[in-house]
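> Quick one: this structure, given as structure tokens, is what I'll be asking you about.
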Amino acid sequence: MSASQLPLPQHFDVNQVDKVWRIPYQERQREALAWADQYSISAASEDDFRTCLLLVDVQNTFCVPGFELFVGGRSGNGAVEDNVRLCQFIYRNLPHITKIACTLDTHTAMQIFHEVFWINDAGEHPLPLQTLITPEDIETGRWRVNPAVVGSLNLPNQVPESNPYAWLKAYGEHYVKKLTTDGKYPLAIWPYHAMLGGIGHAVVSAVDEACFFHTIARKTQIHYEIKGQNPLTENYSVLRPEVLNDTDGEPIAEKNSTFLQMLLRYDRVIIAGQAKSHCVAWTVSDLLTEIQKADSELAKKIYLVDDLTSPVVVPGVVDYTEPADTAFAKAASAGMHIVQSTEPIARWE
């Protein structure tokens with residue numbers, strides 16, 4: 001271990017990273033204060049060079065085996081392996097991380113990528129993890145928006161009160177076609193996941209513990225960024241939803257400019273989390289797009305930690321490893337850095 005890194009605190013247990021448990025916050029606070037004193041760890045407010053660690057959707061729903069959308073990667077245990085390294089990375093590089101920002105994928109039942117939103121003439125819903133709704137499905141009438149969900153949605157102001165279902169049905173058709181024309185992934189029907197108020201929505205216990213330890217030791221508040229609540233669009237990227245406008249060009253969502261501006265105020269932004277092929281890749285892609293609009297040199301302050309993220313792989317069904325790697329390669333060619341968590345932050349300069 002490099003002299004520039006700290007040791008791991010005794011409470012960290014690699015065998016608990018794949019489990020859900022209650023964190024003894026009061027005990028960890030006492031330990032973190034003592035840790036800061038022992039290793040002369042200063043408050044984050046004193047940092048001359050400010051680093052933000054952006055953790056994308058490090059939640060039980062994606063990271064704990066047996067939960068709804070566990071990201072196994074090709075190893076079958078990808079998210080767990082990533083989070084073991086992530087916790088070690090946070091503890092060992094504690095003095096070099098100014099702020100930790102966690103995005104939280106956040107859903108309710110009535111959303112466009114859940115099965116209840118769609119129906120066929122037989123009254124059946126599309127099967128999750130087995131259904132991609134394409135423009136052809138819309139044109140042939142294989143799937144249509146379920147009229148029963150209309151009353152449960154908070155629809156935009158432009159929806160006519162006289163016939164909201166007509167608007168929603170047309171919007172559903174527009175949405176599926178828009179994904180194709182914009183080169184996005186087809187509309188996937190996902191299992192109910194990251195459900196607001198549910199245990200899957202929470203940050204992985206071991207990661208939450210490490211983040212809290214950082215908060216106390218460095219006197220800096222964790223930033224939580226909610227994404228994915230709009231029922232009318234997917235929201236892989238934290239910086240913008242997949243679709244912004246309805247069939248008439250009227251807005252149904254907007255970009256997350258406030259969070260973008262917050263990130264770019266840091267001297268360095270480190271990105272990790274799940275899944276590499278979806279929420280991480282789309283966040284990185286959107287970040288690169290916005291950077292290139294403003295100042296392409298800003299790409300040099302972005303660091304993608306390749307061993308702290310895994311792609312979606314469903315054996316025998318789909319493997320998104322190559323698209324994920326392609327997204328990272330594109331970012332690297334534009335000036336972003338691809339690094340490994342085992343290399344101390346202090347050596348990245």
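Each chain in the structure tokens gets a letter, A, B and so on, in the order shown; residues start at 1 in every chain, and ligands are counted from 1 in the order they appear.
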List as a list of chain:residue names the protein and nucleic acid residues near A:Phe328, meaning an atom at most 9 Å away when only C-alpha atoms are counted, but skip any in the same chain fewer than 2 places from it.

A:Lys276, A:Ala281, A:Val284, A:Ser285, A:Leu304, A:Asp306, A:Pro323, A:Ala324, A:Asp325, A:Thr326, A:Lys330, A:Ala331, A:Ala332, A:Ser333, A:Met336, A:Ile338

> Can you check which residues of stretch 103-145 of chain A DSSP gives as alpha helix (DSSP H) on the backbone and send them as a VMD selection string?

chain A and resid 135 to 139

> Set the distance at 9 Å and use only C-alpha atoms: which residues neighbour stretch 166-181 of chain A once local chain neighbours fewer than 3 positions away are removed? I'd like the list as number ranges by chain.

A: 112, 133-135, 138-139, 144-147, 150, 155, 159-160, 163, 184-187, 232-233, 242-243, 245-247

> Excluding A:Val71 and any residue of its chain fewer than 2 positions from it, enumerate the residues within 10 Å of it, using only C-alpha atoms, and give them as a list in words.

Thr61, Phe62, Cys63, Val64, Pro65, Phe67, Glu68, Leu69, Gly73, Arg74, Ser75, Gly76, Asn77, Gly78, Ala79, Val80, Gln274, Ala275, Lys276, Thr309, Ser310, Pro311, Val312, Val313 and Val314 of chain A

> Between A:Tyr303, A:Phe49, A:Phe70, A:Phe89, which one has atoms that come closest to A:Pro7, using only C-alpha atoms?

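Looking only at the distances to A:Pro7, the closest residue turns out to be A:Phe89.
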